[in-house]
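Have a look at coords19.cif below; it lists mmCIF, C-alpha atoms.
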data_start
#
loop_
_atom_site.label_atom_id
_atom_site.label_comp_id
_atom_site.auth_asym_id
_atom_site.auth_seq_id
_atom_site.Cartn_x
_atom_site.Cartn_y
_atom_site.Cartn_z
CA MET R 14 127.04 135.80 88.71
CA ARG R 15 128.11 133.25 86.09
CA ARG R 16 129.45 130.92 88.81
CA HIS R 17 126.22 131.08 90.80
CA SER R 18 123.99 130.86 87.76
CA ARG R 19 125.63 127.67 86.56
CA ARG R 20 125.22 126.06 89.97
CA ILE R 21 121.60 127.17 90.28
CA PHE R 22 120.82 125.99 86.75
CA ASN R 23 122.27 122.57 87.53
CA ILE R 24 120.25 122.23 90.73
CA CYS R 25 117.09 123.17 88.84
CA TYR R 26 117.84 120.77 86.01
CA ARG R 27 118.62 117.85 88.32
CA PHE R 28 115.43 118.51 90.26
CA THR R 29 113.07 118.94 87.30
CA GLY R 30 114.84 116.85 84.65
CA ASN R 31 113.73 119.38 82.04
CA ARG R 32 116.08 121.91 80.46
CA THR R 33 113.49 124.53 79.57
CA GLU R 34 111.87 124.40 82.98
CA ALA R 35 115.30 124.56 84.60
CA GLU R 36 116.18 127.67 82.60
CA ASP R 37 112.91 129.41 83.47
CA LEU R 38 113.22 128.49 87.12
CA SER R 39 116.84 129.65 87.29
CA GLN R 40 115.83 133.03 85.86
CA GLU R 41 113.06 133.21 88.40
CA VAL R 42 115.56 132.48 91.16
CA PHE R 43 117.72 135.40 90.10
CA LEU R 44 114.69 137.69 89.90
CA ARG R 45 113.68 136.71 93.40
CA VAL R 46 117.24 137.12 94.68
CA TYR R 47 117.41 140.57 93.04
CA ARG R 48 114.16 141.63 94.73
CA THR R 49 114.86 140.14 98.15
CA VAL R 50 118.62 140.58 98.45
CA GLY R 51 117.94 143.22 101.11
CA SER R 52 116.57 140.53 103.38
CA TYR R 53 119.79 138.52 103.26
CA ARG R 54 121.63 138.38 106.58
CA SER R 55 125.07 136.88 106.98
CA ALA R 56 123.83 135.10 110.11
CA TYR R 57 121.71 132.98 107.80
CA GLY R 58 124.81 131.41 106.26
CA GLY R 59 126.88 132.12 103.19
CA PHE R 60 125.37 133.91 100.21
CA ALA R 61 125.56 130.71 98.16
CA THR R 62 123.64 128.83 100.86
CA TRP R 63 121.02 131.57 100.90
CA MET R 64 120.67 131.41 97.12
CA THR R 65 120.36 127.63 97.32
CA SER R 66 117.62 128.07 99.87
CA VAL R 67 115.75 130.49 97.58
CA THR R 68 116.15 127.99 94.75
CA ARG R 69 114.86 125.14 96.87
CA ASN R 70 111.76 127.12 97.89
CA LEU R 71 111.04 127.98 94.28
CA LEU R 72 111.50 124.38 93.18
CA ILE R 73 109.09 123.14 95.84
CA ASP R 74 106.58 125.84 94.84
CA HIS R 75 106.96 124.82 91.22
CA TYR R 76 106.54 121.14 92.10
CA ARG R 77 103.33 121.82 93.99
CA ARG R 78 102.02 124.13 91.25
CA THR R 79 102.58 121.61 88.48
CA LYS R 80 101.60 118.53 90.44
CA ARG R 81 98.16 118.31 88.89
CA ASP R 82 99.40 118.99 85.39
CA ARG R 83 102.19 116.48 85.59
CA ILE R 84 101.64 113.26 83.80
CA THR R 85 102.75 110.54 86.13
CA ASP R 86 104.06 107.86 83.87
CA SER R 87 104.37 104.47 85.35
CA LEU R 88 107.87 103.29 85.89
CA ASP R 89 107.55 100.44 83.42
CA ASP R 90 106.28 102.11 80.28
CA SER R 91 108.52 105.17 80.05
CA MET R 92 111.75 104.38 81.80
CA PRO R 93 114.79 103.89 79.63
CA VAL R 94 116.12 100.38 80.12
CA VAL R 95 119.80 99.65 80.19
CA GLU R 96 121.01 97.09 77.68
CA ASN R 97 122.08 93.75 79.05
CA LYS R 98 125.72 93.14 79.74
CA ALA R 99 126.46 91.17 76.57
CA SER R 100 125.14 93.84 74.24
CA SER R 101 126.74 96.68 76.20
CA ALA R 102 130.09 94.91 75.98
CA ARG R 103 129.83 95.10 72.22
CA ARG R 104 129.42 98.85 72.29
CA PRO R 105 132.80 100.39 71.50
CA ASP R 106 132.05 103.92 72.62
CA GLU R 107 132.22 104.03 76.40
CA GLN R 108 131.34 107.69 76.40
CA ALA R 109 127.97 106.91 74.89
CA LEU R 110 127.39 104.31 77.59
CA LEU R 111 128.31 106.82 80.25
CA GLY R 112 125.87 109.32 78.74
CA GLU R 113 123.20 106.65 78.76
CA LEU R 114 123.92 105.88 82.41
CA SER R 115 123.65 109.57 83.20
CA SER R 116 120.22 109.75 81.62
CA GLN R 117 119.18 106.65 83.59
CA VAL R 118 120.33 108.21 86.85
CA GLN R 119 118.63 111.50 85.97
CA PHE R 120 115.41 109.65 85.20
CA ALA R 121 115.60 107.74 88.49
CA LEU R 122 116.23 110.99 90.33
CA THR R 123 113.03 112.55 89.04
CA LYS R 124 111.12 109.50 90.32
CA LEU R 125 112.08 110.28 93.91
CA SER R 126 109.71 112.25 96.13
CA PRO R 127 110.66 115.96 96.21
CA GLU R 128 111.82 115.78 99.85
CA LEU R 129 114.20 112.92 99.17
CA ARG R 130 115.25 114.32 95.79
CA GLU R 131 116.31 117.70 97.12
CA ALA R 132 118.28 116.08 99.93
CA VAL R 133 120.10 113.76 97.54
CA VAL R 134 120.76 116.53 95.00
CA LEU R 135 122.21 118.83 97.64
CA ARG R 136 124.34 116.11 99.21
CA ASP R 137 125.56 114.02 96.28
CA LEU R 138 125.49 116.51 93.42
CA GLN R 139 126.18 119.83 95.11
CA GLN R 140 128.39 118.22 97.75
CA LEU R 141 126.98 120.35 100.56
CA ASP R 142 127.68 119.24 104.12
CA TYR R 143 124.94 118.34 106.57
CA SER R 144 124.86 121.72 108.30
CA GLU R 145 124.44 123.57 104.99
CA ILE R 146 121.66 121.21 103.92
CA GLN R 147 120.07 121.71 107.33
CA THR R 148 120.10 125.49 106.72
CA VAL R 149 118.74 125.20 103.19
CA LEU R 150 115.94 122.79 104.07
CA SER R 151 115.22 124.28 107.49
CA VAL R 152 114.96 120.85 109.11
CA PRO R 153 116.95 119.23 111.93
CA GLU R 154 120.17 117.42 111.12
CA GLY R 155 118.64 114.03 111.99
CA THR R 156 115.93 114.60 109.38
CA VAL R 157 118.55 115.59 106.82
CA LYS R 158 120.47 112.37 107.43
CA SER R 159 117.33 110.30 107.30
CA ARG R 160 116.20 111.88 104.03
CA ILE R 161 119.57 111.42 102.40
CA ASN R 162 119.67 107.80 103.55
CA ARG R 163 116.17 107.02 102.33
CA GLY R 164 116.76 108.92 99.10
CA ARG R 165 119.88 106.95 98.28
CA ILE R 166 118.26 103.60 99.04
CA GLU R 167 115.16 104.51 97.01
CA LEU R 168 117.31 105.68 94.10
CA ALA R 169 119.26 102.42 94.14
CA ARG R 170 116.00 100.49 94.15
CA ILE R 171 114.65 102.43 91.14
CA LEU R 172 117.89 101.92 89.25
CA GLN R 173 117.71 98.20 89.97
CA GLN R 174 114.15 98.10 88.66
CA MET R 175 115.38 99.83 85.51
CA GLY R 176 117.96 97.11 85.01
CA VAL R 177 120.98 99.16 86.04
CA ARG R 178 123.11 96.75 88.02
CA ALA R 179 126.14 97.47 90.14
CA SER R 180 129.24 96.21 88.39
CA MET I 15 128.81 94.01 118.71
CA ASN I 16 125.66 92.39 117.33
CA TRP I 17 124.49 94.10 114.13
CA THR I 18 121.13 93.64 112.39
CA CYS I 19 119.85 94.19 108.84
CA GLU I 20 117.61 97.02 110.07
CA GLN I 21 120.63 98.79 111.53
CA THR I 22 122.43 98.38 108.23
CA GLU I 23 119.65 100.14 106.38
CA LEU I 24 119.34 102.81 109.06
CA TYR I 25 123.05 103.64 109.27
CA LEU I 26 123.95 103.07 105.63
CA THR I 27 124.61 106.75 104.88
CA ASP I 28 126.59 107.16 108.10
CA TYR I 29 128.67 104.15 107.14
CA LEU I 30 129.28 105.36 103.58
CA ASP I 31 130.14 108.87 104.78
CA GLY I 32 132.48 107.45 107.45
CA MET I 33 130.52 108.91 110.34
CA LEU I 34 130.14 105.78 112.47
CA GLN I 35 132.28 104.98 115.50
CA PRO I 36 135.15 102.61 114.70
CA GLU I 37 133.55 99.66 116.45
CA GLN I 38 130.21 100.36 114.72
CA GLN I 39 132.00 100.65 111.38
CA GLN I 40 133.66 97.30 112.00
CA ALA I 41 130.42 95.60 113.07
CA PHE I 42 128.63 97.06 110.01
CA ALA I 43 131.31 95.77 107.62
CA LEU I 44 131.37 92.36 109.30
CA HIS I 45 127.62 92.01 109.06
CA VAL I 46 127.43 93.13 105.42
CA LYS I 47 130.16 90.70 104.47
CA GLY I 48 128.19 87.72 105.71
CA CYS I 49 124.62 88.87 104.96
CA ALA I 50 123.00 87.86 101.68
CA ARG I 51 120.40 90.62 102.00
CA CYS I 52 122.64 93.53 102.98
CA THR I 53 125.52 92.90 100.55
CA PRO I 54 123.51 93.76 97.40
CA LEU I 55 121.89 96.69 99.21
CA VAL I 56 125.21 98.33 100.07
CA SER I 57 126.56 97.52 96.63
CA SER I 58 123.57 99.03 94.80
CA VAL I 59 123.53 102.19 96.94
CA THR I 60 127.26 102.66 96.43
CA HIS I 61 126.70 102.26 92.69
CA ALA I 62 123.83 104.77 92.75
CA ILE I 63 125.97 107.35 94.57
CA ALA I 64 128.78 106.81 92.08
CA GLY I 65 126.28 107.33 89.25
CA LEU I 66 125.04 110.55 90.83
CA ARG I 67 128.52 111.94 91.32
CA ALA I 68 129.43 111.06 87.75
CA LEU I 69 126.62 113.20 86.38
CA PRO I 70 128.19 115.95 84.27
CA GLU I 71 127.78 119.60 85.20
CA LEU I 72 125.68 121.26 82.53
CA GLU I 73 126.69 124.43 80.74
CA LEU I 74 124.43 127.45 80.95
CA PRO I 75 122.13 128.21 78.02
CA PRO I 76 123.84 130.73 75.70
CA ARG I 77 121.89 133.88 76.53
CA PHE I 78 121.00 133.03 80.09
CA VAL I 79 123.04 135.78 81.77
CA TYR I 80 121.77 138.44 79.32
CA ASN I 81 118.19 137.29 79.88
CA VAL I 82 118.64 137.59 83.64
CA LEU I 83 120.20 141.04 83.28
CA ASP I 84 117.38 142.14 80.99
CA ALA I 85 114.82 140.82 83.46
CA THR I 86 116.43 142.47 86.49
CA LEU I 87 118.01 145.69 85.20
CA GLY I 88 115.67 146.17 82.25
CA PRO I 89 116.33 145.71 78.55
CA ARG I 90 119.33 147.50 77.13
CA GLU I 91 118.80 150.43 74.84
CA THR I 92 119.19 149.62 71.16
CA ILE I 93 120.76 152.43 69.15
CA THR I 94 120.64 152.82 65.41
CA GLY I 95 122.08 155.05 62.70
CA TRP I 96 124.86 157.52 63.44
CA ALA I 97 124.60 156.91 67.16
CA ALA I 98 125.44 153.24 66.55
CA VAL I 99 128.41 154.24 64.35
CA ARG I 100 129.69 156.66 67.01
CA ALA I 101 129.29 153.97 69.68
CA TRP I 102 131.23 151.55 67.49
CA ILE I 103 134.06 154.05 67.02
CA ARG I 104 134.12 154.71 70.77
CA GLY I 105 134.39 150.96 71.26
CA ILE I 106 137.39 150.54 68.98
CA ALA I 107 139.11 153.61 70.43
CA SER I 108 139.95 151.75 73.60
CA PRO I 109 143.71 151.40 74.29
CA ARG I 110 143.58 147.63 74.15
CA PHE I 111 141.94 147.62 70.75
CA ALA I 112 144.32 150.33 69.47
CA TYR I 113 147.33 148.31 70.63
CA GLY I 114 145.96 145.21 68.93
CA SER I 115 145.32 147.13 65.70
CA LEU I 116 148.83 148.61 65.72
CA SER I 117 150.37 145.21 66.26
CA LEU I 118 148.33 143.78 63.42
CA ALA I 119 149.29 146.66 61.11
CA ALA I 120 152.98 146.31 62.01
CA THR I 121 152.87 142.59 61.31
CA PHE I 122 151.16 143.19 57.98
CA LEU I 123 153.72 145.85 56.95
CA MET I 124 156.55 143.56 57.95
CA LEU I 125 155.18 140.63 55.96
CA VAL I 126 154.51 142.78 52.89
CA THR I 127 158.02 144.25 53.07
CA ILE I 128 159.57 140.79 53.44
CA SER I 129 157.64 139.61 50.41
CA GLY I 130 159.52 142.19 48.33
CA PHE I 131 156.79 144.78 47.91
CA ASN I 132 158.19 147.98 46.47
CA TRP I 133 156.92 150.88 48.58
CA LYS I 134 158.35 153.49 46.14
CA LYS I 135 156.49 152.04 43.16
CA PRO I 136 153.55 150.16 44.67
CA LYS I 137 151.51 147.91 42.40
CA ILE I 138 148.31 146.10 43.18
CA ALA I 139 149.65 142.99 41.45
CA ASP I 140 152.40 142.75 44.07
CA LEU I 141 149.78 142.08 46.69
CA SER I 142 148.39 139.00 44.98
CA PRO I 143 149.05 135.78 46.95
CA VAL I 144 151.16 134.28 44.17
CA ASN I 145 153.47 137.30 43.98
CA ILE I 146 153.68 137.52 47.74
CA TYR I 147 154.66 133.84 47.87
CA ARG I 148 157.28 134.27 45.13
CA GLY I 149 158.70 137.42 46.70
CA THR I 150 158.87 135.83 50.14
CA ASN I 151 160.50 132.73 48.72
CA ARG I 152 163.06 134.83 46.85
CA GLN I 153 163.83 136.96 49.89
CA ALA I 154 164.20 133.88 52.05
CA HIS I 155 166.67 132.32 49.61
CA LEU I 156 168.60 135.57 49.34
CA ALA I 157 168.82 135.90 53.09
CA TYR I 158 169.97 132.29 53.37
CA ALA I 159 172.61 132.78 50.68
CA ARG I 160 173.89 135.99 52.29
CA SER I 161 174.14 134.42 55.69
CA THR I 162 175.89 131.36 54.27
CA LYS I 163 178.38 133.57 52.47
CA TYR I 164 178.95 135.65 55.58
CA VAL I 165 179.60 132.59 57.71
CA SER I 166 181.92 131.20 55.05
CA ASP I 167 183.87 134.49 54.89
CA LEU I 168 184.17 134.59 58.62
CA ARG I 169 185.47 131.04 58.66
CA VAL I 170 188.15 131.95 56.13
CA VAL I 171 189.18 134.96 58.20
CA TYR I 172 189.38 132.94 61.38
CA GLU I 173 191.35 130.20 59.66
CA ILE I 174 193.84 132.75 58.34
CA GLN I 175 194.06 134.48 61.67
CA SER I 176 194.61 131.18 63.41
CA LYS I 177 197.29 130.23 60.92
CA LEU I 178 199.07 133.56 61.38
CA ARG I 179 199.08 133.23 65.11
CA GLN I 180 200.40 129.69 64.91
CA ASP I 181 203.23 130.83 62.66
CA THR I 182 204.22 133.68 64.92
CA GLY I 183 203.85 131.62 68.08
CA LEU I 184 201.04 133.77 69.54
CA PRO I 185 198.03 132.30 71.34
CA THR I 186 195.25 131.34 68.93
CA ASN I 187 192.48 133.05 70.88
CA ASN I 188 191.73 136.71 70.16
CA GLU I 189 192.32 137.98 73.65
CA GLY I 190 195.60 136.21 74.02
CA VAL I 191 195.10 136.09 77.76
CA ALA I 192 194.70 132.38 78.19
CA PRO I 193 198.17 130.89 78.27
CA ASP I 194 198.68 127.87 76.08
CA SER I 195 200.43 125.20 78.01
CA ASN I 196 201.84 123.66 74.84
CA GLN I 197 202.81 126.67 72.74
CA GLN I 198 205.97 125.12 71.41
CA LYS I 199 204.09 122.35 69.69
CA ASP I 200 202.89 122.68 66.16
CA PRO I 201 199.31 121.38 66.23
CA GLY I 202 199.77 119.68 62.90
CA ARG I 203 202.85 117.79 63.93
CA THR I 204 202.83 114.59 65.88
CA ASP I 205 206.54 113.89 66.07
CA GLY I 206 207.16 116.53 68.74
CA THR I 207 209.82 118.46 66.72
CA ASN I 208 209.73 122.25 66.20
CA PRO I 209 210.16 123.91 62.81
CA ALA I 210 213.31 125.91 62.24
CA THR I 211 213.05 129.66 62.79
CA PRO I 212 214.02 130.90 59.27
CA ARG I 213 211.44 128.59 57.68
CA GLN I 214 208.85 129.90 60.05
CA GLN I 215 209.69 133.48 59.07
CA ASN I 216 209.50 132.65 55.37
CA ARG I 217 206.11 131.03 55.79
CA ALA I 218 204.86 134.05 57.70
CA ASN I 219 205.95 136.34 54.90
CA ASP I 220 204.17 134.15 52.38
CA THR I 221 201.00 134.11 54.44
CA ASN I 222 201.09 137.87 54.81
CA SER I 223 201.20 138.34 51.06
CA HIS I 224 198.41 135.81 50.62
CA LEU I 225 196.33 137.61 53.18
CA GLN I 226 196.73 140.93 51.37
CA MET I 227 195.59 139.27 48.15
CA LEU I 228 192.59 137.76 49.91
CA ALA I 229 191.70 141.12 51.42
CA GLN I 230 191.44 142.56 47.93
CA GLU I 231 189.27 139.65 46.73
CA LEU I 232 186.88 139.13 49.65
CA PRO I 233 184.61 142.03 50.50
CA VAL I 234 184.43 141.13 54.16
CA LEU I 235 188.20 141.25 54.38
CA SER I 236 188.48 144.64 52.74
CA GLY I 237 187.00 146.43 55.74
CA ARG I 238 188.30 147.55 59.03
CA PHE I 239 188.39 144.07 60.42
CA CYS I 240 191.01 142.98 57.93
CA PHE I 241 192.99 146.14 58.50
CA VAL I 242 193.14 145.40 62.19
CA LEU I 243 194.03 141.83 61.43
CA ILE I 244 196.95 142.76 59.22
CA GLU I 245 198.16 145.83 61.10
CA GLY I 246 197.82 144.10 64.40
CA ARG I 247 200.16 141.35 63.36
CA PRO I 248 203.55 141.70 65.05
CA ARG I 249 206.39 142.27 62.73
#
What is this file in structure tokens?
Amino acid sequence: MRRHSRRIFNICYRFTGNRTEAEDLSQEVFLRVYRTVGSYRSAYGGFATWMTSVTRNLLIDHYRRTKRDRITDSLDDSMPVVENKASSARRPDEQALLGELSSQVQFALTKLSPELREAVVLRDLQQLDYSEIQTVLSVPEGTVKSRINRGRIELARILQQMGVRAS
Amino acid sequence: MNWTCEQTELYLTDYLDGMLQPEQQQAFALHVKGCARCTPLVSSVTHAIAGLRALPELELPPRFVYNVLDATLGPRETITGWAAVRAWIRGIASPRFAYGSLSLAATFLMLVTISGFNWKKPKIADLSPVNIYRGTNRQAHLAYARSTKYVSDLRVVYEIQSKLRQDTGLPTNNEGVAPDSNQQKDPGRTDGTNPATPRQQNRANDTNSHLQMLAQELPVLSGRFCFVLIEGRPR
């Protein structure tokens, strides 16, 4: 359970970008799994894939439910901006810089549309292969590829707007 | 193969995941190399993917698993009073805990004994850290002195035994099974001459009397070992 719960919590956090929401959603995932475990069939895929699918459905439900409440900040006024190269070179602690980069990437991730975000999270963070993502998202493989491709390009564009440049 | 910027954008993920055909892969790379628009695109997407994969995996909140168990299986019963005490005793009565407790107690007893605690006349003052330190220090020095003396005594015995065997022409090792290829030589002599036989006998007699004197003086020589040493000597 601990292995699955950590993975589910990370998916939820990367999707929502909020620790408290991620914790609540992860608990909800386990409640739903506990109630509906009887409906699990091995033909559907591995148990982990099935749990990921349950998580994804809950995340999309949550996204739709909170869409109206969500304050959509514009990209310019709330995004954390990376320091320019000269000032970052003065920073001695590379770990702090890495942590800052992580928060930039996390912020950019939450700016993606939910369809692109889930595809990118499953592919690049959870390292699932295309067939597993296809099962989780219940879309054809071509759509999976297209979403991952568009998600990555969009993410790179947002990061560029934030001032994060490829070294 | 002619490659366009639109194709680059369309097949970027396939290219990065190595899913293009070799000729497509080659055409893609060739185009990106010479295209001012596609080079930064590929570079920035590669950088974004690297940033995503470098994101650390977060640890679970501390009570997450318990919260899930409470939510699914129901809250655990909380017991108080004597029931809690009985449950605690049941918990420590497990074999693993008992083994750990015994080991701890044995270690404690050993340390207290080493520190010089008198079990026949126990005193609370002996358990104070200062006294424990002093007692341990004293015991350690005593043990070191005894072992040094023992090693020194043994060295004397072996030196005497070695000397006796040299005088009588026997092999210097205890078993006497390994033949010495150069038994005729006196190890102390470098001129290659052998001592005369009467002188050798006289020296042996002297050594025997010295050994008997030493046996009376040194406690380690007064035991059975010395007896064997002396009695075992060929006459």
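Neighbouring residues of Tyr47 in chain R at 10 Å or closer, counting all atoms listed in the file and skipping chain neighbours under 6 positions away, are Glu41 of chain R; Val82, Ala85, Thr86 and Leu87 of chain I.
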Within 8 Å of Arg136 in chain R, counting only C-alpha atoms, which residues qualify if same-chain residues fewer than 6 places away don't, as a PyMOL selection string? chain R and resi 142-143+146+161
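With only C-alpha atoms as the basis for measurement, I:Leu24 is the residue among I:Val46, I:Ala101, I:Val144, I:Leu24 that approaches chain R most closely.
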Using CA of Ser129 in chain I and CA of Ile146 in chain I as the two end points, give the distance in Å to one decimal. 5.2 Å
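The coordinates place CA of Glu167 in chain R at 20.6 Å from CA of Arg69 in chain R.
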Run the PyMOL selection byres ((chain I) within 10 of (chain R)) against the file shown and list the residues it catches, as a compact mmCIF listing (two decimals) with C-alpha atoms, in the frame of the given file.
# COMPACT_ATOMS: atom_id res chain seq x y z
CA GLU I 23 119.65 100.14 106.38
CA LEU I 24 119.34 102.81 109.06
CA TYR I 25 123.05 103.64 109.27
CA LEU I 26 123.95 103.07 105.63
CA THR I 27 124.61 106.75 104.88
CA ASP I 28 126.59 107.16 108.10
CA LEU I 30 129.28 105.36 103.58
CA PRO I 54 123.51 93.76 97.40
CA LEU I 55 121.89 96.69 99.21
CA VAL I 56 125.21 98.33 100.07
CA SER I 57 126.56 97.52 96.63
CA SER I 58 123.57 99.03 94.80
CA VAL I 59 123.53 102.19 96.94
CA THR I 60 127.26 102.66 96.43
CA HIS I 61 126.70 102.26 92.69
CA ALA I 62 123.83 104.77 92.75
CA ILE I 63 125.97 107.35 94.57
CA ALA I 64 128.78 106.81 92.08
CA GLY I 65 126.28 107.33 89.25
CA LEU I 66 125.04 110.55 90.83
CA ARG I 67 128.52 111.94 91.32
CA ALA I 68 129.43 111.06 87.75
CA LEU I 69 126.62 113.20 86.38
CA PRO I 70 128.19 115.95 84.27
CA GLU I 71 127.78 119.60 85.20
CA LEU I 72 125.68 121.26 82.53
CA GLU I 73 126.69 124.43 80.74
CA LEU I 74 124.43 127.45 80.95
CA PRO I 75 122.13 128.21 78.02
CA PHE I 78 121.00 133.03 80.09
CA VAL I 79 123.04 135.78 81.77
CA ASN I 81 118.19 137.29 79.88
CA VAL I 82 118.64 137.59 83.64
CA LEU I 83 120.20 141.04 83.28
CA ALA I 85 114.82 140.82 83.46
CA THR I 86 116.43 142.47 86.49
CA LEU I 87 118.01 145.69 85.20
Got a sec: who's within 10 Å of Leu44 in chain I, counting all atoms listed in the file, leaving out chain neighbours fewer than 5 positions off, as a PyMOL selection string? chain I and resi 15-17+38-39+49
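Taking CA of Asp74 in chain R and CA of Pro127 in chain R as the two end points, the separation is 10.8 Å.
Closest to Leu141 in chain I among I:Thr53, I:Thr121, I:Thr127, I:Thr18 is I:Thr127, based on all atoms listed in the file.
Of the listed residues I:Leu125, I:Ala43, I:Val171, I:Ile103, the one whose atoms come nearest to Gln153 in chain I is I:Leu125, with distances taken using only C-alpha atoms.
With only C-alpha atoms taken into account, the protein and nucleic acid residues at most 12 Å from Arg148 in chain I (excluding it and anything under 5 positions from it in its own chain) are I:Val126, I:Ile128, I:Ser129, I:Gly130, I:Phe131, I:Asp140, I:Leu141, I:Ser142, I:Pro143, I:Gln153, I:Ala154, I:His155.
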Using the chain letters and numbering of this document, enumerate as number ranges by chain the residues selected by the PyMOL selection byres ((chain R and resi 75) around 12). R: 25, 28-29, 34-35, 37-39, 41-42, 68-74, 76-83, 127
Among listed residues R:Leu129, R:Val157, R:Val67, R:Met175, nearest Glu145 in chain R (using only C-alpha atoms): R:Val157
